[in-house]
>>> print(open('work-v8.cif').read())   # mmCIF, C-alpha atoms
data_final
#
loop_
_atom_site.label_atom_id
_atom_site.label_comp_id
_atom_site.auth_asym_id
_atom_site.auth_seq_id
_atom_site.Cartn_x
_atom_site.Cartn_y
_atom_site.Cartn_z
CA MET F 299 6.19 -23.75 4.45
CA ASP F 300 7.41 -26.92 6.19
CA SER F 301 7.92 -30.30 4.54
CA ARG F 302 4.65 -31.75 5.88
CA SER F 303 2.67 -28.82 4.50
CA VAL F 304 4.43 -29.11 1.15
CA ALA F 305 3.71 -32.87 1.00
CA ARG F 306 0.06 -32.26 1.81
CA TRP F 307 -0.19 -29.62 -0.90
CA GLN F 308 1.51 -31.86 -3.47
CA ALA F 309 -0.73 -34.82 -2.64
CA THR F 310 -4.08 -33.02 -2.43
CA GLY F 311 -3.63 -29.59 -3.99
CA GLU F 312 -4.97 -28.14 -0.75
CA ILE F 313 -3.32 -24.98 0.58
CA PRO F 314 -2.60 -25.71 4.29
CA SER F 315 -3.31 -22.20 5.56
CA ALA F 316 -4.71 -18.90 4.33
CA VAL F 317 -1.37 -17.25 5.09
CA MET F 318 1.81 -19.20 4.43
CA VAL F 319 5.41 -18.04 4.39
CA TRP F 320 8.15 -19.58 2.31
CA THR F 321 11.34 -20.65 4.05
CA PRO F 322 14.44 -18.57 3.26
CA ALA F 323 15.57 -21.34 0.90
CA GLN F 324 12.23 -21.28 -0.93
CA THR F 325 12.36 -17.49 -1.20
CA GLY F 326 15.87 -17.75 -2.63
CA GLN F 327 14.70 -20.41 -5.08
CA PHE F 328 11.92 -18.12 -6.28
CA LEU F 329 14.24 -15.14 -6.73
CA ASP F 330 16.77 -17.29 -8.58
CA HIS F 331 14.02 -18.46 -10.91
CA ALA F 332 12.65 -14.92 -11.40
CA GLU F 333 16.03 -13.33 -12.10
CA GLY F 334 15.97 -11.99 -15.62
CA ASP F 335 12.21 -11.40 -15.58
CA ARG F 336 11.23 -7.75 -16.04
CA HIS F 337 9.44 -7.83 -12.66
CA TYR F 338 12.42 -9.34 -10.85
CA ALA F 339 13.61 -6.14 -9.14
CA GLN F 340 10.12 -5.48 -7.81
CA PHE F 341 9.77 -8.98 -6.36
CA HIS F 342 13.27 -8.72 -4.88
CA LEU F 343 12.35 -5.45 -3.14
CA ILE F 344 9.12 -6.89 -1.71
CA ALA F 345 10.85 -10.08 -0.52
CA HIS F 346 13.65 -8.18 1.20
CA ARG F 347 11.94 -5.07 2.54
CA GLY F 348 8.29 -6.00 2.88
CA LEU F 349 6.56 -3.40 0.73
CA ARG F 350 2.89 -3.87 -0.07
CA ARG F 351 2.13 -4.67 -3.69
CA GLY F 352 0.61 -1.25 -4.33
CA GLU F 353 3.50 0.51 -2.60
CA SER F 354 6.03 -1.26 -4.81
CA CYS F 355 4.07 -0.31 -7.94
CA ALA F 356 4.11 3.34 -6.84
CA VAL F 357 7.82 3.75 -5.99
CA HIS F 358 9.26 6.77 -7.83
CA TRP F 359 12.92 7.33 -8.59
CA ALA F 360 12.60 10.53 -6.56
CA ASP F 361 11.74 8.34 -3.54
CA LEU F 362 15.06 6.50 -3.78
CA ASP F 363 18.42 7.63 -2.44
CA LEU F 364 20.60 4.79 -3.67
CA ASP F 365 23.83 6.47 -2.56
CA ASN F 366 22.61 6.39 1.03
CA ALA F 367 20.59 3.16 0.56
CA VAL F 368 17.23 4.58 1.67
CA LEU F 369 13.75 4.33 0.16
CA THR F 370 10.97 6.68 1.25
CA VAL F 371 7.55 5.08 0.84
CA ARG F 372 5.17 7.89 -0.09
CA TRP F 373 2.64 6.44 -2.52
CA GLN F 374 0.50 3.41 -3.22
CA ILE F 375 -1.38 2.30 -6.33
CA THR F 376 -4.68 0.59 -5.59
CA GLN F 377 -6.75 -1.25 -8.18
CA TYR F 378 -10.52 -0.86 -8.37
CA GLY F 379 -11.79 -3.20 -11.06
CA SER F 380 -9.92 -2.19 -14.21
CA ALA F 381 -9.12 1.28 -12.84
CA THR F 382 -6.20 2.27 -10.62
CA LEU F 383 -5.68 5.14 -8.20
CA MET F 384 -2.45 6.51 -6.75
CA HIS F 385 -2.75 7.72 -3.16
CA THR F 386 -0.84 7.79 0.12
CA PRO F 387 -0.23 4.43 1.86
CA LYS F 388 -2.58 3.16 4.56
CA SER F 389 -0.62 4.30 7.58
CA ASP F 390 -1.14 6.95 10.24
CA ALA F 391 2.62 7.38 10.45
CA GLY F 392 2.97 9.22 7.12
CA ASP F 393 6.02 8.69 4.91
CA ARG F 394 8.26 5.89 6.09
CA HIS F 395 11.95 5.41 5.46
CA VAL F 396 13.14 1.93 4.54
CA THR F 397 16.84 1.11 4.74
CA LEU F 398 18.12 -0.96 1.83
CA ASP F 399 20.78 -3.64 1.89
CA ALA F 400 23.66 -3.50 -0.59
CA GLY F 401 22.25 -6.31 -2.71
CA THR F 402 18.91 -4.54 -3.13
CA VAL F 403 20.67 -1.29 -4.06
CA SER F 404 22.57 -3.20 -6.76
CA VAL F 405 19.33 -4.73 -8.08
CA LEU F 406 17.70 -1.28 -8.24
CA ARG F 407 20.69 0.17 -10.10
CA ASP F 408 20.31 -2.66 -12.61
CA ARG F 409 16.62 -1.82 -12.88
CA ARG F 410 17.50 1.79 -13.70
CA ARG F 411 19.78 0.65 -16.50
CA GLN F 412 17.04 -1.68 -17.78
CA GLN F 413 14.53 1.15 -17.80
CA LEU F 414 16.91 3.49 -19.61
CA SER F 415 17.31 0.83 -22.29
CA HIS F 416 13.52 0.59 -22.64
CA ARG F 417 13.33 4.37 -22.88
CA LEU F 418 15.83 4.48 -25.72
CA THR F 419 14.03 1.67 -27.53
CA HIS F 420 10.64 3.41 -27.34
CA GLY F 421 11.84 6.91 -28.14
CA ALA F 422 8.95 9.36 -28.52
CA ALA F 423 6.49 6.63 -27.46
CA TRP F 424 8.02 6.54 -23.98
CA THR F 425 5.80 7.82 -21.13
CA ASP F 426 7.80 9.45 -18.34
CA THR F 427 5.89 8.64 -15.14
CA GLY F 428 8.94 8.82 -12.90
CA LEU F 429 8.10 5.35 -11.59
CA VAL F 430 10.72 2.70 -10.91
CA PHE F 431 8.66 -0.33 -11.93
CA THR F 432 6.81 0.21 -15.18
CA GLU F 433 5.63 -1.35 -18.39
CA PRO F 434 8.32 -1.33 -21.10
CA ASP F 435 6.81 1.93 -22.47
CA GLY F 436 7.13 3.66 -19.09
CA THR F 437 3.46 3.55 -18.09
CA ALA F 438 2.39 2.46 -14.60
CA LEU F 439 1.93 -1.20 -13.78
CA THR F 440 -1.48 -2.69 -13.04
CA PRO F 441 -1.19 -4.37 -9.61
CA GLU F 442 -3.26 -7.42 -10.64
CA ASP F 443 -0.90 -8.01 -13.58
CA VAL F 444 2.02 -8.06 -11.14
CA THR F 445 0.20 -10.64 -9.01
CA SER F 446 -0.52 -12.77 -12.08
CA ARG F 447 3.13 -12.74 -13.08
CA PHE F 448 4.20 -13.67 -9.55
CA ARG F 449 1.85 -16.65 -9.66
CA GLU F 450 3.15 -17.77 -13.06
CA LEU F 451 6.75 -17.62 -11.87
CA HIS F 452 6.31 -19.49 -8.60
CA GLU F 453 4.20 -22.17 -10.29
CA ALA F 454 6.87 -22.60 -12.97
CA ALA F 455 9.48 -22.91 -10.22
CA GLY F 456 7.43 -25.70 -8.57
CA LEU F 457 7.14 -23.80 -5.30
CA PRO F 458 4.31 -24.08 -2.77
CA PRO F 459 1.44 -21.66 -3.42
CA VAL F 460 1.71 -18.40 -1.53
CA ARG F 461 0.24 -15.01 -2.27
CA LEU F 462 2.32 -12.06 -3.41
CA HIS F 463 1.34 -10.41 -0.11
CA ASP F 464 2.96 -13.34 1.69
CA LEU F 465 6.35 -12.14 0.37
CA ARG F 466 5.75 -9.14 2.64
CA HIS F 467 5.02 -11.47 5.57
CA GLY F 468 8.17 -13.39 4.69
CA ALA F 469 10.27 -10.23 4.77
CA ALA F 470 8.95 -9.43 8.24
CA THR F 471 9.62 -12.95 9.45
CA LEU F 472 13.18 -12.82 8.13
CA ALA F 473 13.72 -9.48 9.88
CA LEU F 474 12.52 -10.97 13.16
CA ALA F 475 14.73 -14.01 12.65
CA ALA F 476 17.69 -11.69 12.08
CA GLY F 477 17.06 -10.16 15.51
CA ALA F 478 14.92 -7.12 14.70
CA ASP F 479 12.50 -6.16 17.47
CA LEU F 480 8.79 -5.59 16.94
CA LYS F 481 9.18 -1.82 16.81
CA ALA F 482 11.71 -2.11 13.98
CA VAL F 483 9.40 -4.47 12.07
CA GLN F 484 6.44 -2.14 12.67
CA ASP F 485 8.46 0.71 11.14
CA LEU F 486 9.59 -1.49 8.24
CA LEU F 487 6.05 -2.56 7.34
CA GLY F 488 4.34 0.76 8.05
CA HIS F 489 1.85 -0.66 10.55
CA SER F 490 -0.09 2.08 12.33
CA SER F 491 0.41 0.40 15.71
CA ILE F 492 2.78 -2.14 17.19
CA ALA F 493 -0.27 -4.17 18.29
CA ILE F 494 -0.98 -5.01 14.64
CA THR F 495 2.59 -6.24 14.21
CA ALA F 496 2.45 -8.29 17.40
CA ASP F 497 -0.93 -9.83 16.53
CA THR F 498 0.22 -10.73 13.02
CA TYR F 499 3.42 -12.47 14.11
CA THR F 500 2.44 -13.74 17.54
CA HIS F 501 2.81 -17.39 16.50
CA VAL F 502 6.24 -16.76 15.01
CA LEU F 503 7.81 -15.02 17.99
CA PRO F 504 8.18 -18.00 20.39
CA GLU F 505 10.00 -20.02 17.72
CA LEU F 506 12.26 -17.07 16.93
CA ALA F 507 13.01 -16.43 20.60
CA HIS F 508 14.29 -19.99 20.94
CA GLU F 509 16.31 -19.71 17.75
CA ILE F 510 17.86 -16.41 18.83
CA ALA F 511 18.75 -17.88 22.24
CA GLU F 512 20.55 -20.78 20.55
CA ASN F 513 22.37 -18.43 18.18
CA VAL F 514 23.53 -16.27 21.10
CA ALA F 515 24.87 -19.37 22.84
CA GLN F 516 26.89 -20.21 19.73
CA LEU F 517 28.69 -16.86 20.00
CA ILE F 518 30.25 -17.84 23.35
CA PRO F 519 33.33 -20.03 22.80
CA ARG F 520 33.67 -22.98 25.18
CA LYS F 521 36.44 -25.53 25.62
CA ASN F 522 34.03 -28.20 26.80
CA THR F 523 32.04 -29.23 23.72
CA LYS F 524 29.39 -30.89 25.90
CA THR F 525 28.21 -27.46 27.01
CA SER F 526 28.12 -26.08 23.49
CA SER F 527 24.66 -25.88 21.92
CA ALA F 528 24.01 -27.22 18.48
CA HIS F 529 22.22 -25.07 15.97
CA PRO F 530 18.58 -26.15 15.73
CA THR F 531 17.29 -27.13 12.36
CA SER F 532 15.73 -24.07 10.78
CA SER F 533 12.01 -24.34 10.20
CA PRO F 534 9.67 -22.12 8.21
CA HIS F 535 7.20 -19.93 10.04
CA ARG F 536 3.49 -19.57 9.63
CA THR F 537 1.76 -16.25 10.20
CA THR F 538 -1.85 -15.51 10.94
CA GLY F 539 -2.46 -12.25 9.16
#
>>> encode(input="work-v8.cif", output="structure tokens")
Amino acid sequence: MDSRSVARWQATGEIPSAVMVWTPAQTGQFLDHAEGDRHYAQFHLIAHRGLRRGESCAVHWADLDLDNAVLTVRWQITQYGSATLMHTPKSDAGDRHVTLDAGTVSVLRDRRRQQLSHRLTHGAAWTDTGLVFTEPDGTALTPEDVTSRFRELHEAAGLPPVRLHDLRHGAATLALAAGADLKAVQDLLGHSSIAITADTYTHVLPELAHEIAENVAQLIPRKNTKTSSAHPTSSPHRTTG
């Protein structure tokens, strides 16, 4: 969310757009603030790898290969009123494999240690669901509770209002900014067609194309500084879906 949008929000309380994406700095500020919270690892995973809320709630330890840094997304928890249902994700592509960066692997290893501590504390009262992100007693999370906690944390951090789902949009935008093509982002997000990915991020792509062109130019050393391009000031990106 750019400075003008932030100023407008602070002055009027009005959210500038239905779908807003934090800048990388704002995402980092949120994660710094959330570190230590029991939901931190889940928010970290969504922000970095773009899982849907329900997918993150349904990740099982059996779905994770931390030694090879791969997560297989097989399940999703959907909330219907006060009830929840675990089912396969909304994708025609079936299970999808998500590569994890070293930092996310470290965060998930910490989460495993945290959960083992909770298990020891609860003893016979522990419920073994096999899930990665759980209540302290091992039972499954309620997706709406996760959303509520996300809202509490970002409000406490003084950050512009975005939805938890916008962390997923942010992860996709960061992947595009890092040079990933649309096919790679489609696979990351589990979109059933590349057209959905293109339609969602169509307004982001022209800005990223310019940024990537400038970054490529910076990789070519030149003796004449007049022909060297300066890095453009990074700006946040707004998505439409």
>>> residues_around(input="work-v8.cif", residues="F:Asp393", least_positions_apart="2", cutoff="12 Å", atoms="all atoms listed in the file", output="list in words")
Glu353, Asp361, Leu369, Thr370, Val371, Arg372, Trp373, Gln374, His385, Thr386, Pro387, Lys388, Ser389, Asp390, Ala391, His395, Val396, Asp485, Leu486, Leu487, Gly488, His489 and Ser490 of chain F
>>> residues_around(input="work-v8.cif", residues="F:Val444", least_positions_apart="3", cutoff="10 Å", atoms="only C-alpha atoms", output="short mmCIF file (atom, residue, chain, number, x, y, z; two decimals) with C-alpha atoms, keeping the file's coordinate frame")
data_model
loop_
_atom_site.label_atom_id
_atom_site.label_comp_id
_atom_site.auth_asym_id
_atom_site.auth_seq_id
_atom_site.Cartn_x
_atom_site.Cartn_y
_atom_site.Cartn_z
CA HIS F 337 9.44 -7.83 -12.66
CA GLN F 340 10.12 -5.48 -7.81
CA PHE F 341 9.77 -8.98 -6.36
CA ARG F 351 2.13 -4.67 -3.69
CA GLY F 352 0.61 -1.25 -4.33
CA CYS F 355 4.07 -0.31 -7.94
CA LEU F 439 1.93 -1.20 -13.78
CA THR F 440 -1.48 -2.69 -13.04
CA PRO F 441 -1.19 -4.37 -9.61
CA ARG F 447 3.13 -12.74 -13.08
CA PHE F 448 4.20 -13.67 -9.55
CA ARG F 449 1.85 -16.65 -9.66
CA GLU F 450 3.15 -17.77 -13.06
CA LEU F 462 2.32 -12.06 -3.41
#
>>> residues_around(input="work-v8.cif", residues="F:Thr397", least_positions_apart="3", cutoff="12 Å", atoms="only C-alpha atoms", output="ChimeraX atom specification")
/F:343,346-349,362-371,394,400-403,482-483,485-487
>>> closest_residue(input="work-v8.cif", among="F:Ala345, F:Ala339, F:Leu406, F:Leu517", to="F:Thr471", atoms="all atoms listed in the file")
F:Ala345
>>> residues_around(input="work-v8.cif", residues="F:Ile375", least_positions_apart="5", cutoff="6 Å", atoms="all atoms listed in the file", output="PyMOL selection string")
chain F and resi 352+356+383-384
>>> atom_distance(input="work-v8.cif", atom1="atom CA of F:Lys481", atom2="atom CA of F:Ala496")
9.4 Å
>>> residues_around(input="work-v8.cif", residues="F:Thr495", least_positions_apart="4", cutoff="7 Å", atoms="all atoms listed in the file", output="list in words")
Leu480, Gln484, His489 and Tyr499 of chain F
>>> write_last_selection(input="work-v8.cif", atoms="C-alpha atoms", output="PDB file, in the coordinates of the input")
ATOM      1  CA  LEU F 480       8.790  -5.590  16.940  1.00  0.00           C
ATOM      2  CA  GLN F 484       6.440  -2.140  12.670  1.00  0.00           C
ATOM      3  CA  HIS F 489       1.850  -0.660  10.550  1.00  0.00           C
ATOM      4  CA  TYR F 499       3.420 -12.470  14.110  1.00  0.00           C
TER       5      TYR F 499
END
>>> atom_distance(input="work-v8.cif", atom1="atom CA of F:Glu333", atom2="atom CA of F:Leu451")
10.2 Å
>>> resolve_selection(input="work-v8.cif", expression="the PyMOL selection byres ((chain F and resi 427-429) around 9)", output="list in words")
Cys355, Ala356, Val357, His358, Trp359, Ala360, Thr425, Asp426, Val430, Phe431, Thr432, Gly436, Thr437 and Ala438 of chain F
>>> closest_residue(input="work-v8.cif", among="F:Arg417, F:Arg411, F:Thr498, F:Pro519", to="F:Ala470", atoms="all atoms listed in the file")
F:Thr498
>>> decode(input="work-v8.cif", residues="stretch 338-353 of chain F", atoms="N, CA, C and O atoms", output="PDB file, in the first residue's frame")
ATOM      1  N   TYR F 338       2.402 -17.300  14.632  1.00  0.00           N
ATOM      2  CA  TYR F 338       3.431 -16.681  13.796  1.00  0.00           C
ATOM      3  C   TYR F 338       3.859 -17.569  12.625  1.00  0.00           C
ATOM      4  O   TYR F 338       3.938 -17.104  11.474  1.00  0.00           O
ATOM      5  N   ALA F 339       4.145 -18.828  12.879  1.00  0.00           N
ATOM      6  CA  ALA F 339       4.639 -19.713  11.816  1.00  0.00           C
ATOM      7  C   ALA F 339       3.619 -19.840  10.684  1.00  0.00           C
ATOM      8  O   ALA F 339       3.983 -19.905   9.504  1.00  0.00           O
ATOM      9  N   GLN F 340       2.356 -19.852  11.027  1.00  0.00           N
ATOM     10  CA  GLN F 340       1.306 -19.940  10.013  1.00  0.00           C
ATOM     11  C   GLN F 340       1.262 -18.681   9.155  1.00  0.00           C
ATOM     12  O   GLN F 340       1.195 -18.753   7.928  1.00  0.00           O
ATOM     13  N   PHE F 341       1.342 -17.514   9.787  1.00  0.00           N
ATOM     14  CA  PHE F 341       1.346 -16.263   9.029  1.00  0.00           C
ATOM     15  C   PHE F 341       2.608 -16.143   8.171  1.00  0.00           C
ATOM     16  O   PHE F 341       2.561 -15.656   7.044  1.00  0.00           O
ATOM     17  N   HIS F 342       3.726 -16.603   8.710  1.00  0.00           N
ATOM     18  CA  HIS F 342       4.980 -16.587   7.945  1.00  0.00           C
ATOM     19  C   HIS F 342       4.832 -17.433   6.677  1.00  0.00           C
ATOM     20  O   HIS F 342       5.232 -17.009   5.587  1.00  0.00           O
ATOM     21  N   LEU F 343       4.256 -18.627   6.822  1.00  0.00           N
ATOM     22  CA  LEU F 343       4.097 -19.528   5.677  1.00  0.00           C
ATOM     23  C   LEU F 343       3.180 -18.906   4.615  1.00  0.00           C
ATOM     24  O   LEU F 343       3.480 -18.950   3.410  1.00  0.00           O
ATOM     25  N   ILE F 344       2.069 -18.306   5.041  1.00  0.00           N
ATOM     26  CA  ILE F 344       1.156 -17.677   4.092  1.00  0.00           C
ATOM     27  C   ILE F 344       1.849 -16.519   3.371  1.00  0.00           C
ATOM     28  O   ILE F 344       1.740 -16.372   2.153  1.00  0.00           O
ATOM     29  N   ALA F 345       2.560 -15.684   4.135  1.00  0.00           N
ATOM     30  CA  ALA F 345       3.200 -14.503   3.558  1.00  0.00           C
ATOM     31  C   ALA F 345       4.298 -14.866   2.569  1.00  0.00           C
ATOM     32  O   ALA F 345       4.525 -14.152   1.588  1.00  0.00           O
ATOM     33  N   HIS F 346       4.981 -15.976   2.800  1.00  0.00           N
ATOM     34  CA  HIS F 346       6.088 -16.362   1.930  1.00  0.00           C
ATOM     35  C   HIS F 346       5.661 -17.265   0.770  1.00  0.00           C
ATOM     36  O   HIS F 346       6.232 -17.171  -0.321  1.00  0.00           O
ATOM     37  N   ARG F 347       4.691 -18.139   1.002  1.00  0.00           N
ATOM     38  CA  ARG F 347       4.382 -19.144  -0.013  1.00  0.00           C
ATOM     39  C   ARG F 347       2.945 -19.123  -0.497  1.00  0.00           C
ATOM     40  O   ARG F 347       2.547 -19.968  -1.293  1.00  0.00           O
ATOM     41  N   GLY F 348       2.144 -18.166  -0.031  1.00  0.00           N
ATOM     42  CA  GLY F 348       0.858 -17.905  -0.645  1.00  0.00           C
ATOM     43  C   GLY F 348      -0.231 -18.934  -0.436  1.00  0.00           C
ATOM     44  O   GLY F 348      -1.142 -19.050  -1.267  1.00  0.00           O
ATOM     45  N   LEU F 349      -0.198 -19.673   0.659  1.00  0.00           N
ATOM     46  CA  LEU F 349      -1.276 -20.626   0.912  1.00  0.00           C
ATOM     47  C   LEU F 349      -2.580 -19.887   1.221  1.00  0.00           C
ATOM     48  O   LEU F 349      -2.570 -18.778   1.758  1.00  0.00           O
ATOM     49  N   ARG F 350      -3.694 -20.492   0.881  1.00  0.00           N
ATOM     50  CA  ARG F 350      -4.984 -19.999   1.338  1.00  0.00           C
ATOM     51  C   ARG F 350      -5.094 -20.233   2.848  1.00  0.00           C
ATOM     52  O   ARG F 350      -4.433 -21.112   3.394  1.00  0.00           O
ATOM     53  N   ARG F 351      -5.968 -19.463   3.481  1.00  0.00           N
ATOM     54  CA  ARG F 351      -6.144 -19.616   4.919  1.00  0.00           C
ATOM     55  C   ARG F 351      -6.495 -21.056   5.290  1.00  0.00           C
ATOM     56  O   ARG F 351      -5.881 -21.659   6.176  1.00  0.00           O
ATOM     57  N   GLY F 352      -7.491 -21.612   4.599  1.00  0.00           N
ATOM     58  CA  GLY F 352      -7.928 -22.966   4.907  1.00  0.00           C
ATOM     59  C   GLY F 352      -6.869 -24.011   4.630  1.00  0.00           C
ATOM     60  O   GLY F 352      -6.787 -25.034   5.325  1.00  0.00           O
ATOM     61  N   GLU F 353      -6.041 -23.766   3.607  1.00  0.00           N
ATOM     62  CA  GLU F 353      -4.948 -24.696   3.304  1.00  0.00           C
ATOM     63  C   GLU F 353      -3.919 -24.687   4.428  1.00  0.00           C
ATOM     64  O   GLU F 353      -3.407 -25.741   4.820  1.00  0.00           O
TER      65      GLU F 353
END
